[in-house]
Amino acid sequence: MGEDRKLFSESWHRVAPQKIRLRPSVKVRKQYFRGQCWFVANDAYSDQYFRFRPEAWAFIRRLDGTQTVEEIWQSTLDREGDQAPGQGEVIQMLANLYQSNLVVSDFPADVAQLFERQKKRHAREWKSRLFGIFFLRIPLWDPDNFLNRTFPYVKWLVNPLGALLWLALVGGGLAVVVANWEELFARGQGVLAPGNLPLLLLAFVIAKVIHEFGHGYAVKRFGGEVHTMGITFLVFTPIPYVDASAAWAFRERWKRIWVGASGMIVELAIAAIAAFVWAATGPGLLNAWCFNLMVVASVSTILFNINPLLKFDGYYILSDLTDTPNLQPRSFKQIGHVVEKYGFGGKHSEKPSNGLGEAIWLFFFGVASWTFRLYITFVIIMFVADRYLGLGFIAAVLTIIGLFVIPATKGIKFLFTEPRIERVRNRAFAVTAGFIGLVFLLLGVIPAPRYFHAHGVLFAEDAVFLVARTDGEVVLHQGHLSEVEAGDLLIRLENPELGMTRRQLEAETALLEAMSRRLLAAEGIGREVWQQRYDANVMRLLELSEREQAVEIRAPRSGLLAAGQADDQLGRRVNRGMILGEVVSEGSWHFFAVVGQRNANLLFEEGLRNPRIRFYGSSGNEVIPESVHIVPGQQERLPSPALGWASQGPIEVREDDGQGVRAVEPFFLVRMDLEGEGAPLHHGRTGRVRFQVNPEPYLHQWYRKLRQMVQDRFQL
Amino acid sequence: MSEPAIAHQFSPPRRDALRSEIRKVEKVPAGLDAIWDDLKGFWKSRLKHSRELWKKAGEIEAAMQRWEAQSDRELRDALHTQRQEIRRAGSHWKTLLPDILPLLGDLARRRLGLTPYRTQLMGALALAEGSLVEMATGEGKTLTIALAAAAAAWTGKPCHVITANDYLARRDAAELNPFFSACGVTAKAVQAAMEGAERKQVYRAGVVYCTGKELVADFLRDQLALGPLFHSGRRAVARLGGKVLNERRSVLRGLHTAIVDEVDNQLIDEAVTPLIISRQQENEALEEACQAADSCAATLLPGEDYEVDSRFKEVTLRPQGREAVAEFCSRQKGFLAAEDWVVDLVRQSLQARHFFLRDQQYVMIDGKIVIVDEFTGRLMPGRSWRLGLHQAVEAKEEVDLSPPTETLAQVSFQKFYRFFHHLAGITGTAKEGRREFWRVYRLPLRIVPRHRPNQRKDLPPRFFAREEPKWAAIVEEIVAIYQSGRPVLVGTRSVAASEHLARLLEKENLGFSILNAVRHEEEAGIVVRAGNQGTITIATNMAGRGTDIRLSKEAREAGGLHVILTEGHESRRIDRQLMGRAGRQGDPGSTRLYSAREDELWVRNQKFVSTVLQKVLRVSGLLALPGAAKFLFLRTQRTAEKKALKQRYQLIKKDMEISQQVIGGAGKNFQ
């Protein structure tokens, strides 16, 4: 009980003579939240909920229309003393009940005001739709009748037997998945391929419809009603939803949790069935679709629905698990309360939590939820702005208004006009200004390290390629980066074919020789032909010996062997003509980085400091170049086709260029000399270099990036 | 002329609807809207309008002079025709004003012997158009109002003239009666002592002179009497259903036109005063609780058990104090064992002890507490503070507790005046509040020039750090002026201050009269003498409004009235009102303001910035510079004005919120 309780209120006369009663359609149930007793009132007609403490209930239960508010209050006061609500508290309570349409009075209602209220509510709904356009919700249908009629058909599933069945099903599905993991994984790569999208979407919609019916039937199972079903446009993607708020009136917590989880439960069952079908059928449309269904119903459920930071199933489950109804609004209120009470030193802020534990929990949930929402919205805006230029832009602006501008305006209004902080307004201003100043200082004034990146390719100054001159399997390998002397055996191939060929050739040669000799004895007619065949065979033998020799690949010069790891290479089959690696001379590597026009100013004005090179495929290792030189003059030809789009590289090249080295935009080359030590150097290897430039506050950096992005994406 | 056809035997439906029809109270713009609205108000109040009115008034004056030669009969016929024209014109009647005002003006000359000046014609024009009129003191506001009221009454809609007090209402209605009856309009005054039937009769008059308080009270009583049937639609339906309605219970003809005299007092200073219709209830438990809370509060020590915040008039209990209360409660039974409620009562009791002081906020008369109005300085018998607080003050004074009252209906002036379809007001000090008048009441400002040039000299104010030297300087100045033979009017802020000054003057062996809430019986006599040579009059604020101090010939020759303001008020307007007593109608006169930093104005309105500023100025010695202290004073006064303004806006907001939230029928939505 706070310091601020007042017994009398000047507005008391407004309610005192009224005879107020709860609407007949209002049901009140007792519920426990975090070990505390509450009463939840619910009007089935208007679908409104309201919860209050037992002290308030002691008052509200007497609202039966036979006594005036004054009389009820007096008797409550006599009986309960301290515990009775003060006049102001009673007025507030009655106002809330009235706003929720849970009570009627014997005083005729002001009809104009009722209409006004309705208009306001509509306006508010539209506003929230507009500013939450990425989560647009459109109610379409009342599914209650349908659910009632169809529930008997699924009723047998919702009992312990059903649970066993479900366990068996999901377990079986899981087993199928594990058994076919390899194939599944391989196909999983192609799920987001453009050709698969229609199937994926179809699977998604069906899975979600079943998911929502899962919620609906769960509510039915516990005797609730479901009156709204519709479509949510989640970032313009239509997804069905049902309003399962009837669950709030369930007294037992586990029932509410069941309702929240039922969607996912059903979806997992669907995934299991899809897995069976997929495993049982051969390639075809059904098979492909079941595969998609399986992925959607399992992965999407786990990724999206269970996340409690957005208002999906996970949020409601968490809110029930922790016994904190209205988790998100209350957590935001808690943050507001903490700011008002501890930041501003306000004494009149109303505590939204009961107990310290809940306060802490609410606070941190609020912070996490808000941060995540900010992040996800940012991601969505980026995504949408990229895809749908005009529409996305409008939606993004609306969302930014909803997420930043409106709360900011409210905050300012609060600071200037809220009567509660009248006494501490100066401090409130100071704290707010201090906080904004601090944030600004951190982001806008204090320079933060700044980097820019450039793609490049590595060249050895003089490298000799090792070319396989015969087919074969690697049986001996010196290992990567071993120092070699000229003539050292580096790699040995084994090719059993060579032996067989030799034997065949030798046998043939022997035969030809014998034939040749016989013909010599028979006056030599036609001997020349045989002699020629013999000679040819000898030539082939000679050639074969060369190839036999070529199974031993020796170092053409001293240096480092750059040929991949021995373990990977052993047992590998190579074909003739393949490059197996290089022998490079130590200490003479060059990394050529391609710097686009966009970063050119950084290149010339800011100076390049602390370059760090990372090669693709071994990003863990950083290489520090010895020296950096800017190649004067802008270039058009990439140092290696590996950097161009034509070879899946990062830089756009002209389509008409067969070699794929002519870049669309001219660029500058930066040459860095590297020492060969400590890094998996490989001639022709691509990587990325990071330069540090003069530090700049984050805000400057972000602004620059934003401008660059807008320039790049929208060509503005 | 026959009695106007207003007192019908039965009410035609339209007239019946009018009985309770009130204008829908609009939302007062806030935030950005407010800025836009202010600009609009500024535009509507620009001087061009005043100049145009002045031009029109000139034409009317000329036309009026042409009528002088005509016979009574011709004038009467013309009046008759115009009156019919007005009825026909409906809501466009204001366009006919240039034709009507010359007639009315000439009628005033014939019946009252007063020829309206051009300034008065201009004022009447502006009032009839529904504006806020600034007209200097003593320029003949009464006649100005009468001209506008007569024209408005001709429309047949109820017209109320709101005066500062019953005496003025009675006087004006009586003095102007020849004029009104010649126009074919009855004019009557409502008096506090009147009973229901008589009241109803008075309200039937074409022009009703009354105080705001009486009108609001009657309005609220009508409301209670009619209940849900206050809504005319409901009445119509009920009548259709054959229900016999007890319409006689309501006394008003409805609220349509209001012309408010001293409009800034009613619409700004008094705006937040709640007007309450209440009934006394027996609640012994509460009385006992208040007594007990008072005895408990008496044991607490400031600083240790509780803290006093004089800026916000608040008391906060410290933990130690709470413990003391808890300990007190543990010894009690029943209601008093409820600690939370006792804490509330104790806090109220402490508030009563610290901020509700005898002879400042209230006086004791016959063992009863009588509240003194802070703005007018008048006694407000019958008024009480909010529930519990009043009893706490009584418990402190150890008088019998008055039984707690149960509020039945309540409205603030601020809200009430917005119910009128046609509102106009006149005062000597309107400029300062122009923004609020526009924003809340939609009244554009029109400034009427003075009829005779101003001869008043406002001497530079004098500032002091402490009160004692201030009083010494005041006494010195009074003596000096007294010796020069000029009359002096000394304005004090509270009854206590006026008594203090009286004691100081007694020491100097000076004769003086004193006019305050306690000694208010001789008011009229004192005012009549106040303009005589060598008179010293000490008065609380009550002398500020509506009192017309006429100078004797010798006094005028000696240099006119000198007004001393012994401390600054929370609003510049109130200071100006008091200053306005000097130099009326072109008389000579002078004023001087005294202020000490120990005055209430300074103590209660210290903002962080001005405190620092003061310190800097004092330490650096810049305070001695001419204008520095005045700058600080004006700053403080502005702070006080802003604080009051904010409070009024908050009341509007709260009113709006509560009436939207709380259950209630159409009849209750304005409370």
# chains A, B, ... in the order shown; residues from 1 in each chain; ligands from 1
call {"tool": "residues_around", "arguments": {"residues": "region 522-530 of chain B", "least_positions_apart": "3", "cutoff": "8 Å", "atoms": "only C-alpha atoms", "output": "list in words"}}
result
Pro487, Val488, Leu489, Ser513, Ile514, Leu515, Arg519, Thr535, Ile536, Thr537, Thr547, Asp548, Ile549, Arg550 and Leu551 of chain B
call {"tool": "write_last_selection", "arguments": {"atoms": "C-alpha atoms", "output": "PDB file, in the first residue's frame"}}
result
ATOM      1  CA  PRO B 487      -5.957  60.564  -0.592  1.00  0.00           C
ATOM      2  CA  VAL B 488      -4.112  57.240  -0.334  1.00  0.00           C
ATOM      3  CA  LEU B 489      -5.409  53.746  -1.053  1.00  0.00           C
ATOM      4  CA  SER B 513     -10.231  53.468   7.333  1.00  0.00           C
ATOM      5  CA  ILE B 514      -9.807  49.797   6.823  1.00  0.00           C
ATOM      6  CA  LEU B 515     -11.667  47.654   4.356  1.00  0.00           C
ATOM      7  CA  ARG B 519     -14.679  44.707   8.483  1.00  0.00           C
ATOM      8  CA  THR B 535      -7.947  60.089   3.582  1.00  0.00           C
ATOM      9  CA  ILE B 536      -5.997  56.919   4.114  1.00  0.00           C
ATOM     10  CA  THR B 537      -7.771  53.737   3.127  1.00  0.00           C
ATOM     11  CA  THR B 547     -15.178  50.006  -6.621  1.00  0.00           C
ATOM     12  CA  ASP B 548     -15.331  53.425  -8.084  1.00  0.00           C
ATOM     13  CA  ILE B 549     -13.462  55.914  -5.946  1.00  0.00           C
ATOM     14  CA  ARG B 550     -14.624  59.383  -6.886  1.00  0.00           C
ATOM     15  CA  LEU B 551     -12.282  62.230  -6.072  1.00  0.00           C
TER      16      LEU B 551
END
call {"tool": "select_by_dssp", "arguments": {"residues": "region 188-422 of chain A", "states": "strand (DSSP E)", "output": "list in words"}}
result
Met229, Gly230, Ile231, Thr232, Phe233, Leu234, Thr237, Pro238, Ile239, Pro240, Tyr241 and Val242 of chain A
call {"tool": "select_by_dssp", "arguments": {"residues": "region 328-501 of chain B", "states": "alpha helix (DSSP H)", "output": "MDAnalysis selection string"}}
result
chainID B and resid 328:330 339:355 389:396 413:416 434:441 467:484 495:501
call {"tool": "write_last_selection", "arguments": {"atoms": "C-alpha atoms", "output": "JSON list (two decimals), in the first residue's frame"}}
result
[["chain", "number", "residue", "atom", "x", "y", "z"],
["B", 328, "PHE", "CA", -1.52, 5.82, 17.07],
["B", 329, "CYS", "CA", -3.74, 3.57, 14.98],
["B", 330, "SER", "CA", -2.84, 0.49, 16.93],
["B", 339, "GLU", "CA", -3.75, 3.14, 9.01],
["B", 340, "ASP", "CA", -3.87, 4.16, 5.36],
["B", 341, "TRP", "CA", -6.89, 6.32, 5.89],
["B", 342, "VAL", "CA", -5.66, 7.87, 9.06],
["B", 343, "VAL", "CA", -2.43, 8.77, 7.30],
["B", 344, "ASP", "CA", -4.48, 10.56, 4.68],
["B", 345, "LEU", "CA", -6.40, 12.45, 7.32],
["B", 346, "VAL", "CA", -3.28, 13.30, 9.28],
["B", 347, "ARG", "CA", -1.66, 14.65, 6.16],
["B", 348, "GLN", "CA", -4.69, 16.80, 5.55],
["B", 349, "SER", "CA", -4.55, 17.99, 9.09],
["B", 350, "LEU", "CA", -0.88, 18.94, 8.67],
["B", 351, "GLN", "CA", -1.74, 20.74, 5.49],
["B", 352, "ALA", "CA", -4.39, 22.65, 7.36],
["B", 353, "ARG", "CA", -1.83, 23.61, 9.96],
["B", 354, "HIS", "CA", 0.80, 24.83, 7.53],
["B", 355, "PHE", "CA", -1.02, 26.29, 4.60],
["B", 389, "LEU", "CA", -9.78, 19.41, 4.80],
["B", 390, "HIS", "CA", -12.47, 21.74, 6.03],
["B", 391, "GLN", "CA", -12.95, 19.58, 9.08],
["B", 392, "ALA", "CA", -9.20, 19.48, 9.61],
["B", 393, "VAL", "CA", -9.05, 23.28, 9.70],
["B", 394, "GLU", "CA", -11.98, 23.34, 12.11],
["B", 395, "ALA", "CA", -10.32, 20.77, 14.31],
["B", 396, "LYS", "CA", -7.19, 22.91, 14.33],
["B", 413, "PHE", "CA", -16.73, 28.43, -13.74],
["B", 414, "GLN", "CA", -14.28, 27.51, -16.40],
["B", 415, "LYS", "CA", -16.59, 24.85, -17.67],
["B", 416, "PHE", "CA", -19.83, 26.58, -16.92],
["B", 434, "ARG", "CA", -5.97, 37.11, -24.21],
["B", 435, "ARG", "CA", -4.45, 33.76, -25.11],
["B", 436, "GLU", "CA", -6.41, 31.88, -22.51],
["B", 437, "PHE", "CA", -9.62, 33.75, -23.34],
["B", 438, "TRP", "CA", -9.24, 32.64, -26.91],
["B", 439, "ARG", "CA", -8.12, 29.11, -26.29],
["B", 440, "VAL", "CA", -10.68, 28.22, -23.67],
["B", 441, "TYR", "CA", -13.62, 30.50, -24.32],
["B", 467, "GLU", "CA", 9.58, 42.70, 5.03],
["B", 468, "GLU", "CA", 10.29, 45.07, 7.88],
["B", 469, "PRO", "CA", 12.08, 47.79, 5.93],
["B", 470, "LYS", "CA", 9.38, 47.44, 3.29],
["B", 471, "TRP", "CA", 6.64, 48.22, 5.77],
["B", 472, "ALA", "CA", 8.70, 51.10, 7.16],
["B", 473, "ALA", "CA", 9.08, 52.55, 3.67],
["B", 474, "ILE", "CA", 5.38, 52.14, 3.00],
["B", 475, "VAL", "CA", 4.46, 53.96, 6.18],
["B", 476, "GLU", "CA", 6.89, 56.70, 5.27],
["B", 477, "GLU", "CA", 5.31, 57.13, 1.86],
["B", 478, "ILE", "CA", 1.80, 57.13, 3.33],
["B", 479, "VAL", "CA", 2.83, 59.89, 5.73],
["B", 480, "ALA", "CA", 4.40, 61.93, 2.93],
["B", 481, "ILE", "CA", 1.35, 61.65, 0.68],
["B", 482, "TYR", "CA", -0.97, 62.30, 3.59],
["B", 483, "GLN", "CA", 0.86, 65.47, 4.34],
["B", 484, "SER", "CA", 0.56, 66.60, 0.73],
["B", 495, "VAL", "CA", -6.55, 40.38, 6.10],
["B", 496, "ALA", "CA", -3.54, 39.80, 8.34],
["B", 497, "ALA", "CA", -1.40, 42.19, 6.32],
["B", 498, "SER", "CA", -4.03, 44.90, 6.44],
["B", 499, "GLU", "CA", -4.28, 44.54, 10.21],
["B", 500, "HIS", "CA", -0.52, 44.66, 10.48],
["B", 501, "LEU", "CA", -0.38, 47.89, 8.52]]
call {"tool": "residues_around", "arguments": {"residues": "Arg76 (chain B)", "least_positions_apart": "2", "cutoff": "10 Å", "atoms": "only C-alpha atoms", "output": "PDB file with C-alpha atoms, in the first residue's frame"}}
result
ATOM      1  CA  MET B   1     -45.222  49.277 -23.219  1.00  0.00           C
ATOM      2  CA  SER B  71     -39.919  62.873 -30.951  1.00  0.00           C
ATOM      3  CA  ASP B  72     -40.377  60.126 -28.373  1.00  0.00           C
ATOM      4  CA  ARG B  73     -43.090  58.599 -30.453  1.00  0.00           C
ATOM      5  CA  GLU B  74     -40.968  58.372 -33.573  1.00  0.00           C
ATOM      6  CA  ALA B  78     -38.471  52.846 -34.817  1.00  0.00           C
ATOM      7  CA  LEU B  79     -37.597  50.676 -31.820  1.00  0.00           C
ATOM      8  CA  HIS B  80     -40.671  48.588 -32.404  1.00  0.00           C
ATOM      9  CA  THR B  81     -39.787  48.043 -36.056  1.00  0.00           C
ATOM     10  CA  GLN B  82     -36.188  47.175 -35.278  1.00  0.00           C
ATOM     11  CA  LEU B 103     -31.785  54.081 -31.179  1.00  0.00           C
ATOM     12  CA  LEU B 107     -33.070  56.067 -25.576  1.00  0.00           C
ATOM     13  CA  ALA B 182     -38.493  51.721 -22.554  1.00  0.00           C
ATOM     14  CA  CYS B 183     -36.960  49.089 -24.820  1.00  0.00           C
ATOM     15  CA  GLY B 184     -39.715  46.667 -23.909  1.00  0.00           C
TER      16      GLY B 184
END
call {"tool": "residues_around", "arguments": {"residues": "Ala465 (chain B)", "least_positions_apart": "6", "cutoff": "9 Å", "atoms": "only C-alpha atoms", "output": "count of residues only"}}
result
4
call {"tool": "interface_residues", "arguments": {"of": "chain A", "to": "chain B", "cutoff": "6 Å", "atoms": "only C-alpha atoms", "output": "compact mmCIF listing (two decimals) with N, CA and C atoms, in the first residue's frame"}}
result
# COMPACT_ATOMS: atom_id res chain seq x y z
N LYS A 6 -5.70 7.92 -1.00
CA LYS A 6 -6.55 8.99 -0.48
C LYS A 6 -7.94 8.44 -0.24
N LEU A 7 -8.47 8.84 0.89
CA LEU A 7 -9.78 8.32 1.25
C LEU A 7 -10.86 8.99 0.42
N HIS A 13 -18.95 12.36 -6.18
CA HIS A 13 -20.39 12.56 -6.39
C HIS A 13 -20.84 12.08 -7.76
N GLY A 81 -11.91 -1.79 6.50
CA GLY A 81 -10.93 -0.81 6.98
C GLY A 81 -9.90 -0.49 5.92
N ASP A 82 -8.64 -0.68 6.29
CA ASP A 82 -7.52 -0.43 5.41
C ASP A 82 -7.62 -1.07 4.06
N ALA A 95 -14.52 3.09 -13.53
CA ALA A 95 -14.27 3.64 -14.86
C ALA A 95 -13.69 2.57 -15.77
N PHE A 107 -28.32 4.91 -14.23
CA PHE A 107 -28.35 6.21 -14.91
C PHE A 107 -28.32 5.94 -16.41
N PRO A 108 -29.17 6.64 -17.14
CA PRO A 108 -29.11 6.40 -18.58
C PRO A 108 -27.76 6.80 -19.13
N ALA A 109 -27.26 5.98 -20.02
CA ALA A 109 -25.94 6.25 -20.56
C ALA A 109 -26.01 7.40 -21.56
N ASP A 110 -24.93 8.07 -21.69
CA ASP A 110 -24.85 9.14 -22.67
C ASP A 110 -24.54 8.50 -24.01
call {"tool": "residues_around", "arguments": {"residues": "Lys333 (chain A)", "least_positions_apart": "6", "cutoff": "10 Å", "atoms": "only C-alpha atoms", "output": "PDB file with C-alpha atoms, in the first residue's frame"}}
result
ATOM      1  CA  LEU A 327       3.544  -9.583 -20.370  1.00  0.00           C
ATOM      2  CA  VAL A 339      12.668   5.375 -15.401  1.00  0.00           C
ATOM      3  CA  GLU A 350       2.163   3.235 -10.165  1.00  0.00           C
ATOM      4  CA  LYS A 351       3.991  -0.039  -9.880  1.00  0.00           C
ATOM      5  CA  PRO A 352       2.939  -2.482 -12.600  1.00  0.00           C
ATOM      6  CA  SER A 353       4.532  -5.454 -10.856  1.00  0.00           C
ATOM      7  CA  LEU A 362       9.436  -7.711 -16.413  1.00  0.00           C
ATOM      8  CA  PHE A 363      12.180  -5.152 -16.789  1.00  0.00           C
ATOM      9  CA  GLY A 366      10.884  -5.491 -21.727  1.00  0.00           C
TER      10      GLY A 366
END
call {"tool": "atom_distance", "arguments": {"atom1": "CA of Ala395 (chain A)", "atom2": "CA of Gly132 (chain A)"}}
result
8.7 Å
call {"tool": "residues_around", "arguments": {"residues": "region 168-182 of chain A", "least_positions_apart": "5", "cutoff": "10 Å", "atoms": "only C-alpha atoms", "output": "PDB file with N, CA and C atoms, in the first residue's frame"}}
result
ATOM      1  N   GLY A 162      -4.327 -39.756 -27.378  1.00  0.00           N
ATOM      2  CA  GLY A 162      -3.867 -38.890 -28.460  1.00  0.00           C
ATOM      3  C   GLY A 162      -2.433 -38.454 -28.233  1.00  0.00           C
ATOM      4  N   ALA A 163      -2.133 -38.155 -26.978  1.00  0.00           N
ATOM      5  CA  ALA A 163      -0.773 -37.721 -26.665  1.00  0.00           C
ATOM      6  C   ALA A 163       0.227 -38.820 -26.979  1.00  0.00           C
ATOM      7  N   ARG A 187      18.999 -32.148 -50.024  1.00  0.00           N
ATOM      8  CA  ARG A 187      17.867 -31.470 -50.645  1.00  0.00           C
ATOM      9  C   ARG A 187      17.528 -30.167 -49.945  1.00  0.00           C
ATOM     10  N   GLY A 188      17.847 -30.163 -48.654  1.00  0.00           N
ATOM     11  CA  GLY A 188      17.544 -28.959 -47.866  1.00  0.00           C
ATOM     12  C   GLY A 188      18.200 -27.719 -48.433  1.00  0.00           C
ATOM     13  N   ILE A 265       2.218 -28.195 -31.610  1.00  0.00           N
ATOM     14  CA  ILE A 265       2.074 -29.647 -31.454  1.00  0.00           C
ATOM     15  C   ILE A 265       1.485 -30.239 -32.727  1.00  0.00           C
ATOM     16  N   LEU A 268       3.891 -30.121 -35.629  1.00  0.00           N
ATOM     17  CA  LEU A 268       4.944 -31.137 -35.583  1.00  0.00           C
ATOM     18  C   LEU A 268       4.396 -32.486 -36.038  1.00  0.00           C
ATOM     19  N   ALA A 269       3.138 -32.764 -35.660  1.00  0.00           N
ATOM     20  CA  ALA A 269       2.529 -34.013 -36.105  1.00  0.00           C
ATOM     21  C   ALA A 269       2.436 -34.038 -37.628  1.00  0.00           C
ATOM     22  N   ILE A 270       2.030 -32.894 -38.190  1.00  0.00           N
ATOM     23  CA  ILE A 270       1.951 -32.801 -39.645  1.00  0.00           C
ATOM     24  C   ILE A 270       3.314 -33.045 -40.264  1.00  0.00           C
ATOM     25  N   ALA A 271       4.335 -32.467 -39.649  1.00  0.00           N
ATOM     26  CA  ALA A 271       5.693 -32.644 -40.162  1.00  0.00           C
ATOM     27  C   ALA A 271       6.067 -34.128 -40.157  1.00  0.00           C
ATOM     28  N   ALA A 272       5.674 -34.829 -39.082  1.00  0.00           N
ATOM     29  CA  ALA A 272       6.010 -36.253 -38.979  1.00  0.00           C
ATOM     30  C   ALA A 272       5.316 -37.042 -40.089  1.00  0.00           C
ATOM     31  N   ILE A 273       4.028 -36.731 -40.300  1.00  0.00           N
ATOM     32  CA  ILE A 273       3.299 -37.455 -41.345  1.00  0.00           C
ATOM     33  C   ILE A 273       3.946 -37.182 -42.707  1.00  0.00           C
ATOM     34  N   ALA A 274       4.261 -35.910 -42.922  1.00  0.00           N
ATOM     35  CA  ALA A 274       4.900 -35.556 -44.187  1.00  0.00           C
ATOM     36  C   ALA A 274       6.210 -36.315 -44.352  1.00  0.00           C
ATOM     37  N   ALA A 275       6.934 -36.496 -43.252  1.00  0.00           N
ATOM     38  CA  ALA A 275       8.205 -37.202 -43.326  1.00  0.00           C
ATOM     39  C   ALA A 275       7.988 -38.650 -43.769  1.00  0.00           C
ATOM     40  N   PHE A 276       6.923 -39.277 -43.215  1.00  0.00           N
ATOM     41  CA  PHE A 276       6.630 -40.657 -43.628  1.00  0.00           C
ATOM     42  C   PHE A 276       6.346 -40.725 -45.113  1.00  0.00           C
ATOM     43  N   VAL A 277       5.471 -39.824 -45.549  1.00  0.00           N
ATOM     44  CA  VAL A 277       5.080 -39.857 -46.958  1.00  0.00           C
ATOM     45  C   VAL A 277       6.290 -39.611 -47.847  1.00  0.00           C
ATOM     46  N   TRP A 278       7.076 -38.675 -47.436  1.00  0.00           N
ATOM     47  CA  TRP A 278       8.249 -38.330 -48.241  1.00  0.00           C
ATOM     48  C   TRP A 278       9.183 -39.528 -48.370  1.00  0.00           C
ATOM     49  N   ALA A 279       9.381 -40.206 -47.222  1.00  0.00           N
ATOM     50  CA  ALA A 279      10.301 -41.337 -47.248  1.00  0.00           C
ATOM     51  C   ALA A 279       9.736 -42.496 -48.053  1.00  0.00           C
ATOM     52  N   ALA A 280       8.405 -42.596 -48.073  1.00  0.00           N
ATOM     53  CA  ALA A 280       7.801 -43.757 -48.706  1.00  0.00           C
ATOM     54  C   ALA A 280       7.620 -43.592 -50.211  1.00  0.00           C
ATOM     55  N   MET A 294       7.216 -30.823 -44.626  1.00  0.00           N
ATOM     56  CA  MET A 294       7.966 -31.299 -43.478  1.00  0.00           C
ATOM     57  C   MET A 294       8.906 -30.200 -42.970  1.00  0.00           C
TER      58      MET A 294
END
call {"tool": "residues_around", "arguments": {"residues": "Thr405 (chain B)", "least_positions_apart": "4", "cutoff": "6 Å", "atoms": "only C-alpha atoms", "output": "list in words"}}
result
Ser278, Arg279, Gln280 and Gln281 of chain B
call {"tool": "write_last_selection", "arguments": {"atoms": "C-alpha atoms", "output": "tab-separated table (two decimals), in the first residue's frame"}}
result
chain	number	residue	atom	x	y	z
B	278	SER	CA	-24.11	19.82	-1.54
B	279	ARG	CA	-26.15	18.41	1.22
B	280	GLN	CA	-25.00	17.97	4.75
B	281	GLN	CA	-24.79	14.46	5.95
call {"tool": "closest_residue", "arguments": {"among": "B:Val25, B:Ala57, B:Val216, B:Ala628", "to": "Leu275 (chain B)", "atoms": "only C-alpha atoms"}}
result
B:Val216
call {"tool": "closest_residue", "arguments": {"among": "B:Asp33, B:Asp587, B:Asp106, B:Glu567", "to": "Ser552 (chain B)", "atoms": "only C-alpha atoms"}}
result
B:Asp587
call {"tool": "closest_residue", "arguments": {"among": "B:Pro444, B:Pro13, B:Pro381, B:Gly58", "to": "Leu423 (chain B)", "atoms": "only C-alpha atoms"}}
result
B:Pro444
